[in-house]
Amino acid sequence: MYYKSIDFSKYSSIKVGQIEEVLILEKGDAVPSGRYLISGANNLLVSPAPPPLMMLGKDFATIELERDILTIGTAMPTGRVVSFARKHDVKGFEFFAKLPGTVGGMLAMNAGVKSYEIFNILHRIQIDGKWIPKEEIAYGYRYAELPGIATAAEFKIKKGFDQKLLEELVALRSNQPKEPSAGSAFKNPPGDHAGRLIEAVGLKGRRERGMAWSEVHANFLVNLGNGTFEEADRLLKLAKERVYEAFGLSLKEEIKVL
């Protein structure tokens with residue numbers, strides 16, 4: 001293991017944060033306690049005082065196909081999984097193209113697009129060195145209760161990569177803002193959409209200096225330039241307060257605030 005200085009104002013997708021010393025784990029390392037595991041920082045909002053951080057190194061960015069089992073290390077970027085699936089004519093991973101980050105980050109939040117979610121195609125996960133069937137893990141819409149550090153995942157695959165489906169899912173990005181963001185800020189409440197609720201309470205486009213609720217999609221918190229954690233935090237709290245006052249609904253963050 002070793003430490004790496006990471007500037008989250010450049011590394012995170014929302015471009016907010018500061019330089020932090022992050023512990024990088026390599027294969028064979030004992031996992032320390034008291035540290036928060038991060039991956040590609042595509043859904044992170046890092047505060048000025050985050051908990052001690054760690055991440056998996058390149059040793060865990062692996063992918064191997066043997067008969068009908070695809071084994072992927074959790075540090076593997078989603079884009080490389082899509083390329084592998086296309087090359088080997090594997091179906092089921094087309095929606096990865098819509099989701100930046102790593103396989104580990106997807107597992108941690110059961111990431112997905114519409115009806116496509118990673119737990120739908122998952123067979124089992126290697127956690128703290130032990131393989132655990134997905135049926136033994138509590139999971140649901142945008143959450144998974146992983147009982148430790150996930151280092152690899154197995155998928156039972158089928159042939160037939162669907163390029164048309166990939167293109168349809170990628171086209172959904174047309175309604176997403178171009179500015180730096182961390183993806184959807186809030187989970188959709190049952191039977192509704194967080195973006196609709198935020199827009200309904202008059203916050204679409206609401207700006208707090210360098211941060212704003214997007215004019216394109218109200219559930220995207222975007223960085224307009226030199227945005228800060230404090231500005232983002234105020235907008236998140238304002239949306240939760242307004243939506244609760246108007247609809248009696250408590251919005252739950254999809255973005256991870258550290």
# chains A, B, ... in the order shown; residues from 1 in each chain; ligands from 1
call {"tool": "residues_around", "arguments": {"residues": "region 116-131 of chain A", "least_positions_apart": "5", "cutoff": "8 Å", "atoms": "only C-alpha atoms", "output": "PDB file with C-alpha atoms, in the first residue's frame"}}
result
ATOM      1  CA  GLY A  92     -26.003  -7.402 -20.641  1.00  0.00           C
ATOM      2  CA  PHE A  95     -25.869   0.102 -19.965  1.00  0.00           C
ATOM      3  CA  MET A 106     -21.578   0.577  -9.435  1.00  0.00           C
ATOM      4  CA  LEU A 107     -21.824  -2.312  -6.975  1.00  0.00           C
ATOM      5  CA  ASN A 110     -26.500  -0.833  -7.413  1.00  0.00           C
ATOM      6  CA  ALA A 111     -26.069   1.650 -10.226  1.00  0.00           C
ATOM      7  CA  TYR A 139     -29.942  -4.408  -2.234  1.00  0.00           C
ATOM      8  CA  LEU A 146     -21.978  -4.609   0.992  1.00  0.00           C
ATOM      9  CA  PRO A 147     -20.606  -6.207   4.193  1.00  0.00           C
ATOM     10  CA  GLY A 148     -17.003  -5.239   3.513  1.00  0.00           C
ATOM     11  CA  ILE A 149     -14.581  -4.318   0.736  1.00  0.00           C
ATOM     12  CA  ALA A 150     -15.582  -5.701  -2.660  1.00  0.00           C
ATOM     13  CA  THR A 151     -12.584  -6.602  -4.816  1.00  0.00           C
ATOM     14  CA  ALA A 152     -14.173  -8.586  -7.666  1.00  0.00           C
ATOM     15  CA  ALA A 153     -17.531  -9.554  -9.140  1.00  0.00           C
ATOM     16  CA  GLU A 154     -18.716 -12.525 -11.171  1.00  0.00           C
ATOM     17  CA  PHE A 155     -21.362 -12.504 -13.886  1.00  0.00           C
ATOM     18  CA  LYS A 156     -22.924 -15.445 -15.740  1.00  0.00           C
TER      19      LYS A 156
END
call {"tool": "residues_around", "arguments": {"residues": "Gln18 (chain A)", "least_positions_apart": "2", "cutoff": "6 Å", "atoms": "only C-alpha atoms", "output": "ChimeraX atom specification"}}
result
/A:7-9
call {"tool": "select_by_dssp", "arguments": {"residues": "region 101-239 of chain A", "states": "alpha helix (DSSP H)", "output": "PyMOL selection string"}}
result
chain A and resi 103-109+118-121+163-171+194-200+229-239
call {"tool": "write_last_selection", "arguments": {"atoms": "C-alpha atoms", "output": "mmCIF file, in the first residue's frame"}}
result
data_model
loop_
_atom_site.group_PDB
_atom_site.id
_atom_site.type_symbol
_atom_site.label_atom_id
_atom_site.label_comp_id
_atom_site.auth_asym_id
_atom_site.auth_seq_id
_atom_site.Cartn_x
_atom_site.Cartn_y
_atom_site.Cartn_z
ATOM 1 C CA VAL A 103 -17.404 -1.575 -11.289
ATOM 2 C CA GLY A 104 -16.865 -1.178 -7.538
ATOM 3 C CA GLY A 105 -18.694 2.123 -7.504
ATOM 4 C CA MET A 106 -21.578 0.577 -9.435
ATOM 5 C CA LEU A 107 -21.824 -2.312 -6.975
ATOM 6 C CA ALA A 108 -21.769 -0.009 -3.955
ATOM 7 C CA MET A 109 -24.925 1.765 -5.114
ATOM 8 C CA ILE A 118 -25.850 -4.131 -12.062
ATOM 9 C CA PHE A 119 -27.420 -6.474 -9.491
ATOM 10 C CA ASN A 120 -29.786 -7.743 -12.216
ATOM 11 C CA ILE A 121 -26.851 -9.391 -13.995
ATOM 12 C CA GLN A 163 -25.027 -2.165 -30.181
ATOM 13 C CA LYS A 164 -28.449 -0.664 -30.872
ATOM 14 C CA LEU A 165 -29.361 -0.828 -27.180
ATOM 15 C CA LEU A 166 -26.047 0.796 -26.248
ATOM 16 C CA GLU A 167 -26.709 3.656 -28.658
ATOM 17 C CA GLU A 168 -30.234 4.124 -27.287
ATOM 18 C CA LEU A 169 -28.949 4.309 -23.705
ATOM 19 C CA VAL A 170 -26.108 6.663 -24.591
ATOM 20 C CA ALA A 171 -28.650 8.915 -26.352
ATOM 21 C CA ALA A 194 -36.622 14.164 -8.022
ATOM 22 C CA GLY A 195 -36.034 16.488 -10.968
ATOM 23 C CA ARG A 196 -39.751 17.182 -11.322
ATOM 24 C CA LEU A 197 -40.044 17.950 -7.606
ATOM 25 C CA ILE A 198 -37.052 20.295 -7.591
ATOM 26 C CA GLU A 199 -38.427 22.107 -10.626
ATOM 27 C CA ALA A 200 -41.907 22.262 -9.073
ATOM 28 C CA PHE A 229 -18.629 22.450 -1.106
ATOM 29 C CA GLU A 230 -20.420 25.076 0.974
ATOM 30 C CA GLU A 231 -22.339 26.355 -2.062
ATOM 31 C CA ALA A 232 -23.279 22.827 -3.119
ATOM 32 C CA ASP A 233 -24.330 21.919 0.418
ATOM 33 C CA ARG A 234 -26.621 24.947 0.652
ATOM 34 C CA LEU A 235 -28.380 23.988 -2.578
ATOM 35 C CA LEU A 236 -28.830 20.372 -1.482
ATOM 36 C CA LYS A 237 -30.326 21.458 1.844
ATOM 37 C CA LEU A 238 -32.557 24.050 0.169
ATOM 38 C CA ALA A 239 -33.989 21.449 -2.224
#
call {"tool": "residues_around", "arguments": {"residues": "Lys158 (chain A)", "least_positions_apart": "4", "cutoff": "9 Å", "atoms": "only C-alpha atoms", "output": "PDB file with C-alpha atoms, in the first residue's frame"}}
result
ATOM      1  CA  ASP A  68     -19.810 -18.521 -19.274  1.00  0.00           C
ATOM      2  CA  ASP A  89     -19.931 -10.485 -28.071  1.00  0.00           C
ATOM      3  CA  VAL A  90     -21.198 -10.492 -24.474  1.00  0.00           C
ATOM      4  CA  LYS A  91     -24.671  -9.092 -23.772  1.00  0.00           C
ATOM      5  CA  GLY A  92     -26.003  -7.402 -20.641  1.00  0.00           C
TER       6      GLY A  92
END
call {"tool": "residues_around", "arguments": {"residues": "Leu251 (chain A)", "least_positions_apart": "5", "cutoff": "8 Å", "atoms": "only C-alpha atoms", "output": "ChimeraX atom specification"}}
result
/A:186-189,194,240,243-244
call {"tool": "write_last_selection", "arguments": {"atoms": "N, CA and C atoms", "output": "PDB file, in the first residue's frame"}}
result
ATOM      1  N   PHE A 186     -30.287  13.407  -6.175  1.00  0.00           N
ATOM      2  CA  PHE A 186     -31.217  12.699  -5.285  1.00  0.00           C
ATOM      3  C   PHE A 186     -31.795  11.472  -5.976  1.00  0.00           C
ATOM      4  N   LYS A 187     -32.135  10.466  -5.185  1.00  0.00           N
ATOM      5  CA  LYS A 187     -32.847   9.301  -5.694  1.00  0.00           C
ATOM      6  C   LYS A 187     -34.271   9.720  -6.031  1.00  0.00           C
ATOM      7  N   ASN A 188     -34.852   9.057  -7.010  1.00  0.00           N
ATOM      8  CA  ASN A 188     -36.250   9.318  -7.334  1.00  0.00           C
ATOM      9  C   ASN A 188     -37.145   8.696  -6.271  1.00  0.00           C
ATOM     10  N   PRO A 189     -38.055   9.477  -5.669  1.00  0.00           N
ATOM     11  CA  PRO A 189     -39.017   8.885  -4.734  1.00  0.00           C
ATOM     12  C   PRO A 189     -39.928   7.903  -5.480  1.00  0.00           C
ATOM     13  N   ALA A 194     -37.207  13.087  -8.810  1.00  0.00           N
ATOM     14  CA  ALA A 194     -36.622  14.164  -8.022  1.00  0.00           C
ATOM     15  C   ALA A 194     -36.499  15.441  -8.843  1.00  0.00           C
ATOM     16  N   LYS A 240     -34.058  19.938  -0.330  1.00  0.00           N
ATOM     17  CA  LYS A 240     -34.710  19.023   0.603  1.00  0.00           C
ATOM     18  C   LYS A 240     -35.783  19.751   1.414  1.00  0.00           C
ATOM     19  N   VAL A 243     -38.858  20.810  -1.004  1.00  0.00           N
ATOM     20  CA  VAL A 243     -39.660  19.662  -1.438  1.00  0.00           C
ATOM     21  C   VAL A 243     -40.454  19.092  -0.266  1.00  0.00           C
ATOM     22  N   TYR A 244     -39.854  19.058   0.906  1.00  0.00           N
ATOM     23  CA  TYR A 244     -40.584  18.540   2.065  1.00  0.00           C
ATOM     24  C   TYR A 244     -41.747  19.466   2.430  1.00  0.00           C
TER      25      TYR A 244
END
call {"tool": "residues_around", "arguments": {"residues": "region 54-58 of chain A", "least_positions_apart": "6", "cutoff": "12 Å", "atoms": "only C-alpha atoms", "output": "MDAnalysis selection string"}}
result
chainID A and resid 1:6 20:41 73:77 102:105 149:152
call {"tool": "write_last_selection", "arguments": {"atoms": "N, CA and C atoms", "output": "short mmCIF file (atom, residue, chain, number, x, y, z; two decimals), in the first residue's frame"}}
result
data_model
loop_
_atom_site.label_atom_id
_atom_site.label_comp_id
_atom_site.auth_asym_id
_atom_site.auth_seq_id
_atom_site.Cartn_x
_atom_site.Cartn_y
_atom_site.Cartn_z
N MET A 1 0.85 -1.20 0.00
CA MET A 1 0.00 0.00 0.00
C MET A 1 0.87 1.24 0.00
N TYR A 2 0.31 2.31 -0.50
CA TYR A 2 1.05 3.56 -0.55
C TYR A 2 0.05 4.71 -0.56
N TYR A 3 0.54 5.91 -0.32
CA TYR A 3 -0.33 7.09 -0.32
C TYR A 3 -0.17 7.85 -1.63
N LYS A 4 -1.28 8.43 -2.06
CA LYS A 4 -1.29 9.24 -3.28
C LYS A 4 -2.04 10.53 -3.01
N SER A 5 -1.46 11.64 -3.41
CA SER A 5 -2.13 12.94 -3.27
C SER A 5 -3.11 13.12 -4.43
N ILE A 6 -4.39 13.27 -4.10
CA ILE A 6 -5.42 13.42 -5.13
C ILE A 6 -6.11 14.77 -4.95
N GLU A 20 -6.20 15.65 -1.06
CA GLU A 20 -6.25 14.74 0.08
C GLU A 20 -5.26 13.60 -0.14
N GLU A 21 -4.68 13.12 0.96
CA GLU A 21 -3.81 11.96 0.90
C GLU A 21 -4.67 10.70 0.97
N VAL A 22 -4.70 9.95 -0.12
CA VAL A 22 -5.54 8.76 -0.22
C VAL A 22 -4.66 7.51 -0.18
N LEU A 23 -5.04 6.56 0.65
CA LEU A 23 -4.30 5.30 0.77
C LEU A 23 -4.70 4.38 -0.38
N ILE A 24 -3.72 3.93 -1.17
CA ILE A 24 -3.96 3.05 -2.30
C ILE A 24 -3.64 1.61 -1.88
N LEU A 25 -4.63 0.73 -2.00
CA LEU A 25 -4.46 -0.67 -1.61
C LEU A 25 -4.01 -1.50 -2.81
N GLU A 26 -3.07 -2.40 -2.56
CA GLU A 26 -2.62 -3.35 -3.57
C GLU A 26 -3.00 -4.75 -3.12
N LYS A 27 -2.97 -5.71 -4.04
CA LYS A 27 -3.33 -7.08 -3.69
C LYS A 27 -2.42 -7.61 -2.60
N GLY A 28 -3.04 -8.25 -1.61
CA GLY A 28 -2.29 -8.79 -0.49
C GLY A 28 -2.23 -7.88 0.71
N ASP A 29 -2.61 -6.62 0.53
CA ASP A 29 -2.61 -5.68 1.65
C ASP A 29 -3.76 -5.98 2.61
N ALA A 30 -3.49 -5.82 3.89
CA ALA A 30 -4.57 -5.88 4.89
C ALA A 30 -5.37 -4.59 4.81
N VAL A 31 -6.68 -4.71 4.79
CA VAL A 31 -7.53 -3.52 4.68
C VAL A 31 -7.62 -2.84 6.04
N PRO A 32 -7.19 -1.58 6.13
CA PRO A 32 -7.24 -0.89 7.42
C PRO A 32 -8.66 -0.50 7.79
N SER A 33 -8.92 -0.35 9.05
CA SER A 33 -10.24 0.10 9.50
C SER A 33 -10.25 1.62 9.59
N GLY A 34 -11.44 2.18 9.62
CA GLY A 34 -11.57 3.62 9.81
C GLY A 34 -11.34 4.45 8.57
N ARG A 35 -11.33 3.81 7.38
CA ARG A 35 -11.15 4.57 6.14
C ARG A 35 -12.34 4.33 5.22
N TYR A 36 -12.70 5.35 4.46
CA TYR A 36 -13.83 5.27 3.52
C TYR A 36 -13.28 4.93 2.15
N LEU A 37 -13.85 3.89 1.53
CA LEU A 37 -13.39 3.46 0.22
C LEU A 37 -14.07 4.26 -0.87
N ILE A 38 -13.27 4.84 -1.76
CA ILE A 38 -13.80 5.57 -2.91
C ILE A 38 -13.34 4.85 -4.17
N SER A 39 -13.96 5.22 -5.29
CA SER A 39 -13.54 4.63 -6.57
C SER A 39 -13.23 5.75 -7.55
N GLY A 40 -14.09 5.93 -8.55
CA GLY A 40 -13.80 6.93 -9.57
C GLY A 40 -14.23 8.34 -9.25
N ALA A 41 -14.85 8.53 -8.06
CA ALA A 41 -15.29 9.87 -7.61
C ALA A 41 -16.29 10.50 -8.57
N GLY A 73 -12.51 -7.24 -11.79
CA GLY A 73 -12.01 -6.56 -10.60
C GLY A 73 -12.75 -5.25 -10.41
N THR A 74 -12.96 -4.87 -9.17
CA THR A 74 -13.82 -3.72 -8.91
C THR A 74 -13.19 -2.37 -9.24
N ALA A 75 -11.88 -2.34 -9.51
CA ALA A 75 -11.25 -1.08 -9.94
C ALA A 75 -11.32 -0.90 -11.45
N MET A 76 -11.96 -1.85 -12.14
CA MET A 76 -12.06 -1.77 -13.60
C MET A 76 -13.02 -0.65 -14.03
N PRO A 77 -12.57 0.27 -14.89
CA PRO A 77 -13.46 1.33 -15.40
C PRO A 77 -14.59 0.74 -16.25
N THR A 102 -16.25 3.10 -11.93
CA THR A 102 -15.70 1.75 -11.86
C THR A 102 -16.78 0.75 -11.48
N VAL A 103 -16.47 -0.51 -11.65
CA VAL A 103 -17.40 -1.58 -11.29
C VAL A 103 -17.68 -1.54 -9.79
N GLY A 104 -16.67 -1.26 -8.99
CA GLY A 104 -16.87 -1.18 -7.54
C GLY A 104 -17.85 -0.11 -7.15
N GLY A 105 -17.75 1.05 -7.79
CA GLY A 105 -18.69 2.12 -7.50
C GLY A 105 -20.11 1.75 -7.90
N ILE A 149 -15.21 -4.88 1.92
CA ILE A 149 -14.58 -4.32 0.74
C ILE A 149 -14.71 -5.29 -0.42
N ALA A 150 -15.41 -4.87 -1.46
CA ALA A 150 -15.58 -5.70 -2.66
C ALA A 150 -14.38 -5.53 -3.57
N THR A 151 -13.77 -6.66 -3.96
CA THR A 151 -12.58 -6.60 -4.82
C THR A 151 -12.81 -7.21 -6.20
N ALA A 152 -13.88 -8.00 -6.36
CA ALA A 152 -14.17 -8.59 -7.67
C ALA A 152 -15.64 -8.97 -7.72
#
call {"tool": "decode", "arguments": {"residues": "region 56-92 of chain A", "atoms": "C-alpha atoms", "output": "PDB file, in the first residue's frame"}}
result
ATOM      1  CA  LEU A  56      -8.114   0.105  -4.761  1.00  0.00           C
ATOM      2  CA  GLY A  57      -5.065   0.216  -6.997  1.00  0.00           C
ATOM      3  CA  LYS A  58      -4.547  -1.059 -10.538  1.00  0.00           C
ATOM      4  CA  ASP A  59      -4.088  -4.617  -9.234  1.00  0.00           C
ATOM      5  CA  PHE A  60      -7.872  -4.758  -8.985  1.00  0.00           C
ATOM      6  CA  ALA A  61      -8.557  -3.504 -12.536  1.00  0.00           C
ATOM      7  CA  THR A  62      -8.847  -6.958 -14.123  1.00  0.00           C
ATOM      8  CA  ILE A  63     -11.292  -8.704 -16.428  1.00  0.00           C
ATOM      9  CA  GLU A  64     -11.328 -12.403 -17.369  1.00  0.00           C
ATOM     10  CA  LEU A  65     -13.784 -14.527 -19.326  1.00  0.00           C
ATOM     11  CA  GLU A  66     -13.823 -18.292 -18.729  1.00  0.00           C
ATOM     12  CA  ARG A  67     -16.584 -20.260 -20.398  1.00  0.00           C
ATOM     13  CA  ASP A  68     -19.810 -18.521 -19.274  1.00  0.00           C
ATOM     14  CA  ILE A  69     -18.347 -16.645 -16.277  1.00  0.00           C
ATOM     15  CA  LEU A  70     -16.996 -13.102 -16.534  1.00  0.00           C
ATOM     16  CA  THR A  71     -14.905 -12.031 -13.534  1.00  0.00           C
ATOM     17  CA  ILE A  72     -14.191  -8.311 -13.173  1.00  0.00           C
ATOM     18  CA  GLY A  73     -12.009  -6.558 -10.600  1.00  0.00           C
ATOM     19  CA  THR A  74     -13.825  -3.717  -8.909  1.00  0.00           C
ATOM     20  CA  ALA A  75     -11.255  -1.085  -9.937  1.00  0.00           C
ATOM     21  CA  MET A  76     -12.055  -1.766 -13.599  1.00  0.00           C
ATOM     22  CA  PRO A  77     -13.460   1.329 -15.396  1.00  0.00           C
ATOM     23  CA  THR A  78     -16.916   0.825 -16.883  1.00  0.00           C
ATOM     24  CA  GLY A  79     -15.781   1.948 -20.328  1.00  0.00           C
ATOM     25  CA  ARG A  80     -13.258  -0.883 -20.531  1.00  0.00           C
ATOM     26  CA  VAL A  81     -15.975  -3.375 -19.566  1.00  0.00           C
ATOM     27  CA  VAL A  82     -18.104  -2.175 -22.480  1.00  0.00           C
ATOM     28  CA  SER A  83     -15.156  -2.500 -24.873  1.00  0.00           C
ATOM     29  CA  PHE A  84     -14.482  -6.039 -23.639  1.00  0.00           C
ATOM     30  CA  ALA A  85     -18.145  -7.023 -23.942  1.00  0.00           C
ATOM     31  CA  ARG A  86     -18.324  -5.699 -27.504  1.00  0.00           C
ATOM     32  CA  LYS A  87     -15.103  -7.494 -28.513  1.00  0.00           C
ATOM     33  CA  HIS A  88     -16.249 -10.829 -27.051  1.00  0.00           C
ATOM     34  CA  ASP A  89     -19.931 -10.485 -28.071  1.00  0.00           C
ATOM     35  CA  VAL A  90     -21.198 -10.492 -24.474  1.00  0.00           C
ATOM     36  CA  LYS A  91     -24.671  -9.092 -23.772  1.00  0.00           C
ATOM     37  CA  GLY A  92     -26.003  -7.402 -20.641  1.00  0.00           C
TER      38      GLY A  92
END
